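These notes concern the structure reproduced below.
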Amino acid sequence: LDVAPGSSADLSLFGGTPERFAIGRLQPAAGYFEPFALTGSGATGALTVVLAPEYCSDGMSDMAFGITTTVVVGGPQTRIFAGCCSLAR
């Protein structure tokens with residue numbers, strides 16, 4: 001998932017054609033500083049991305065990540081993905 005907050009998010013699965021979603025700004029949880037959420041919509045349905053600061057390992061490499069993420073794409077077939085996240089430099 002490649003995100004430009006306030007603009008768009010591109011979801012690409014296993015090197016396939018990216019799905020583009022128009023998204024809003026990053027929003028904190030009500031009354032808390034975390035987790036954060038992004039919401040949006042695209043041709044394949046609604047997008048919700050939840051980000052939380054937490055130690056995360058992808059289980060495939062020796063890399064440690066500081067953010068967990070859950071991605072939900074709603075539509076005719078709801079898809080849910082969970083994993084680790086890093087911020088681009």
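Residues in the structure tokens are numbered from 1 in each chain, the chains being A, B, ... in the order shown, and ligands are numbered from 1 in the order shown.
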Open item on the list: Residues near segment 26-34 of chain A, anyone? I mean within 12 Å using only C-alpha atoms, not counting same-chain ones fewer than 5 positions away, as a list in words.
Closed with: Val3, Ala4, Pro5, Gly6, Ser7, Ser8, Ala9, Thr39, Gly40, Thr48, Val49, Val50, Leu51, Ala52, Pro53, Glu54, Ile67 and Thr68 of chain A
Task: Secondary structure check, strand (DSSP E or B) residues of chain A, as a ChimeraX atom specification - done: /A:2-4,8-11,19-23,27-28,36-42,45-57,64-74,79-85
- [ ] Within 10 Å of Cys56 of chain A, counting only C-alpha atoms, which residues show up once you throw out same-chain ones fewer than 5 positions away? Write them as a list of chain:residue names, please.
- [x] A:Met63, A:Ala64, A:Phe65, A:Gly66, A:Ile67, A:Thr68, A:Thr69, A:Gly83, A:Cys84, A:Cys85
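Atom CA of Gly74 of chain A is found 10.7 Å from atom CA of Ala43 of chain A.
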- [ ] Could you please determine the separation between atom CA of Arg20 of chain A and atom CA of Thr44 of chain A in Å, to one decimal place?
- [x] 8.8 Å
Open item on the list: What does the structure give for the distance between atom CA of Ile80 of chain A and atom CA of Gly59 of chain A, in Å to one decimal?
Closed with: 18.4 Å
